[in-house]
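Student: First the structure, which I've put down as C-alpha cells, then a few questions once you've had a look.
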Amino acid sequence: MARTHYQTLGVERSASSSEIRSAYRKLVMELHPDRNPSKQAAEQFLRVTEAYESIGDPDRRRNYDAILDMDARRAQEREVQEQRRRNAEAQQRAAQQRNAANAASGSAGTATGRSGTQKDTFQGPTTVAAEITKLSLIFSRGQWVEAETLAREIIARDPKQALPYAVLGDLARQRGKLSEAVKMYSYAAQMDPRNSLYMRRYEELIRAGRTDSFGQMAGLPQANQGVALIVAALFIVLSMIYVFVAPERPLFPSFNMLSTWTLGLIVMLFLTGVVTGSCLSAGNLLDRFISSTTNSVGKFGPMVALGTVAVVNFWFAAALYAILGLIRGTFNLSATRLLYGVGVTTLCLTIAAALAPRGFEAVQVFLWGGNLVYIGAICGWLVADSFTQR
C-alpha cells in the first residue's frame with residue numbers, strides 16, 4: 001500500500017497544523033540538497049515537499065482527507081465483496097454436491113434458482129446503465145436541474161458510478177461552488193481512475209488553490225484582481241475618448257445598419273472586447289475556457305451555443321441566456337460575468353458615439369457593437385487563459 005502524506009511527514013492524521021509544519025521543517029533541514037547531496041535524499045525531499053503542499057494548507061488537507069476516507073471505504077467494500085464471493089463459491093460447491101446426490105429434483109430446482117438470480121442481477125445494472133445514458137443526454141442538453149436530481153438518485157442507488165459525481169462537479173463549478181466541485185471531481189476520479197478528464201479537472205482546481213467562487217482564489221491576490229479591472233476600465237475610457245474625437249469617414253455609408261461606422265470605431269469595439277476578456281481571465285474572474293465550453297460528458301456546453309448566437313446579435317444572446325437561466329436554472333458564473341463585462345463595455349462606447357460631434361448613430365453602435373466586443377472578449381479570454389497557470 002502506498003504511503004500517505006501523513007506517513008511521509010511522520011505525523012498522525014490527527015496532527016495539528018503546527019505539528020505538520022514542525023515535522024516538515026525538521027525533514028527539510030535533514031534532506032535539503034544543500035545539506036544532504038545523496039540522490040535518495042533528493043527523492044525524499046521531493047516527496048516531503050509534495051506531502052506538505054497537500055496537507056499543509058487546511059483546504060487542500062480537507063480534500064486529501066476526503067480522498068483517504070474514500071480509499072478506506074473502497075478497501076472495505078472490496079473486502080466485503082471478496083468475502084461475499086468466497087461465500088457464494090462455498091454455496092455453489094455445496095449446491096453441486098447436493099445436485100450430485102439428487103440429480104433429478106435437485107438439478108431442476110437449482111437451475112431455476114440460478115436463472116432467477118441471474119435475472120435479478122442483470123436487471124439492476126441494466127437500469128443504472130440506462131439512467132447513466134439518460135443523465136449524459138439531459139446534461140448535454142443543458143437540463144441542469146433534472147441532471148442534478150438524476151445524478152443524486154444514481155449515486156444513492158450505486159455510489160460507484162463516476163459520471164454522476166463528474167456531472168455534479170461540473171454543475172458546482174459553473175455555479176462558482178469550487179470547494180464542492182473539487183470534492184465531486186475527486187470522487188469521480190476515484191471511481192474511474194482511467195478517465196484523465198476527471199483527474200485533470202480536479203487538478204485544475206487544486207492547483208488554483210480553492211475558493212467559493214472565481215475571483216477569490218488563493219492562487220491570485222485580491223490586489224491583482226483589482227489591477228486587472230482597473231486596466232480594463234482605463235482602456236475603455238481611452239477608447240471612448242478616441243471614438244469621441246477621431247475625425248474619420250464612414251466605411252459603409254450606403255449600408256443602413258452600419259452607415260455611420262468608421263474603421264476606428266470597429267477597431268475600438270474589438271480591442272476593448274479583447275482587453276475586457278483578457279482582464280477578466282487574468283483577474284481570475286472567469287473559469288478556464290476549455291472547462292466552460294466542454295463538460296465531463298465530453299460534449300460542448302451551453303457556452304458554445306451562447307457564443308454562436310452572440311455573433312449574430314449580442315443583446316439577443318444575453319436576453320436568451322437570462323430567460324433560459326431563469327426558467328431552467330442554467331446560469332453559469334463565467335458566462336454571466338463575461339456577458340456583464342461585454343454589456344458594460346458596449347454601453348460605454350455607445351455613450352461615446354452618442355456624444356461624438358461627428359454624428360454617429362448611437363442606435364447602430366448599441367445594436368451591433370456588442371457582437372464585435374463579444375468576439376474580442378472571447379479572443380482575449382483565450383489568450384489570457386493560455387498564459388495563466390491555474
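By order in the C-alpha cells, chains are A, B, ...; within a chain, residues start at 1; ligands start at 1, following the order shown.
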List the spatial neighbours of region 173-188 of chain A as a PyMOL selection string - criterion: any atom at most 10 Å away, only C-alpha atoms, same-chain residues fewer than 3 positions off excluded.

Tutor: chain A and resi 59-60+62-64+66-67+70-71+159-170+191-193+195+197-206+209-215+217+286-287+291-292+296+330-335

Student: Please, which residues in region 273-331 of chain A fall within 7 Å of region 352-372 of chain A when counting only C-alpha atoms, and what is the closest atom pair and distance in Å to one decimal for each, ordered by chain then residue number, as CSV?

Tutor:
residue,atom,partner,partner_atom,distance
A:Ala310,CA,A:Asn371,CA,6.1
A:Val311,CA,A:Asn371,CA,5.2
A:Val312,CA,A:Asn371,CA,6.8
A:Asn313,CA,A:Asn371,CA,5.8
A:Phe314,CA,A:Asn371,CA,5.1

Student: From the options A:Ile351, A:Leu9, A:Leu258, A:Val342, which residue's atoms come nearest to Gln44 (chain A), counting only C-alpha atoms?

Tutor: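 Closest to Gln44 (chain A) of all the choices is A:Leu9.
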
Student: Take CA of Glu19 (chain A) and CA of Gly56 (chain A) and report the distance between them in Å, one decimal.

Tutor: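 Here the two named atoms are 9.9 Å from each other.
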
Student: Could you jot down the CA of Ile290 (chain A) to CA of Gly273 (chain A) separation for me, Å, one decimal place?

Tutor: 19.0 Å

Student: Please list as a PyMOL selection string every residue within 6 Å of region 237-252 of chain A, counting only C-alpha atoms and excluding residues in the same chain fewer than 5 positions away.

Tutor: chain A and resi 259-262+268+349+352+356

Student: Write the selection just made, keeping C-alpha atoms, as a JSON list (two decimals), in the first residue's frame?

Tutor:
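Okay, this is what ended up in result.json:
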[["chain", "number", "residue", "atom", "x", "y", "z"],
["A", 259, "SER", "CA", -23.97, 53.63, -42.19],
["A", 260, "THR", "CA", -22.03, 55.73, -39.66],
["A", 261, "TRP", "CA", -19.44, 53.17, -38.58],
["A", 262, "THR", "CA", -15.79, 54.08, -39.08],
["A", 268, "MET", "CA", -12.02, 50.12, -30.71],
["A", 349, "LEU", "CA", -18.82, 53.04, -26.35],
["A", 352, "ALA", "CA", -19.19, 57.97, -26.55],
["A", 356, "ALA", "CA", -19.35, 62.48, -30.55]]

Student: In Å, with one decimal, what is the gap from CA of Ala129 (chain A) to CA of Arg152 (chain A)?

Tutor: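 Going from CA of Ala129 (chain A) over to CA of Arg152 (chain A) covers 14.6 Å.
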
Student: Tell me, as a list in words, which residues lie within 8 Å of Thr345 (chain A), counting only C-alpha atoms; anything in the same chain fewer than 6 positions away does not count.

Tutor: Ile236, Thr272, Gly273, Thr276 and Val373 of chain A

Student: Would you mind listing what lies within 7 Å of Ala228 (chain A) as number ranges by chain, with only C-alpha atoms counted and same-chain residues fewer than 6 positions away left out?

Tutor: A: 279, 282-283

Student: Within region 158-327 of chain A, find each residue whose DSSP state, derived from the backbone, is helix (DSSP H, G or I), and express the selection as a PyMOL selection string.

Tutor: chain A and resi 162-174+178-191+196-208+222-245+256-258+263-282+289-293+302-312+314-327

Student: Quick one: residues within 9 Å of Val304 (chain A), only C-alpha atoms counted, chain neighbours fewer than 5 positions away excluded, as number ranges by chain?

Tutor: A: 292-294, 309

Student: Kindly export the residues of the current selection with N, CA and C atoms, as a short mmCIF file (atom, residue, chain, number, x, y, z; two decimals), in the first residue's frame.

Tutor:
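The resulting part.cif:
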data_model
loop_
_atom_site.label_atom_id
_atom_site.label_comp_id
_atom_site.auth_asym_id
_atom_site.auth_seq_id
_atom_site.Cartn_x
_atom_site.Cartn_y
_atom_site.Cartn_z
N SER A 292 -15.21 25.72 -19.57
CA SER A 292 -16.50 26.40 -19.69
C SER A 292 -17.24 26.01 -20.96
N THR A 293 -16.50 25.56 -21.97
CA THR A 293 -17.13 25.23 -23.25
C THR A 293 -17.37 23.74 -23.43
N THR A 294 -16.73 22.91 -22.60
CA THR A 294 -16.98 21.47 -22.66
C THR A 294 -17.31 20.96 -21.27
N VAL A 309 -24.90 32.43 -30.95
CA VAL A 309 -25.99 33.41 -31.05
C VAL A 309 -25.44 34.83 -30.89
#

Student: If we count only C-alpha atoms and set the cut-off at 12 Å, which residues sit around Ile20 (chain A), ignoring sequence neighbours fewer than 4 positions away in its own chain? Please answer as a list in words.

Tutor: His5, Tyr6, Gln7, Thr8, Leu9, Gly10, Val11, Glu12, Arg13, Ser14, Ala15, Ser16, Tyr24, Arg25, Lys26, Leu27, Val48, Thr49, Ala51, Tyr52, Glu53, Ser54, Ile55, Gly56, Asp57, Pro58 and Arg61 of chain A
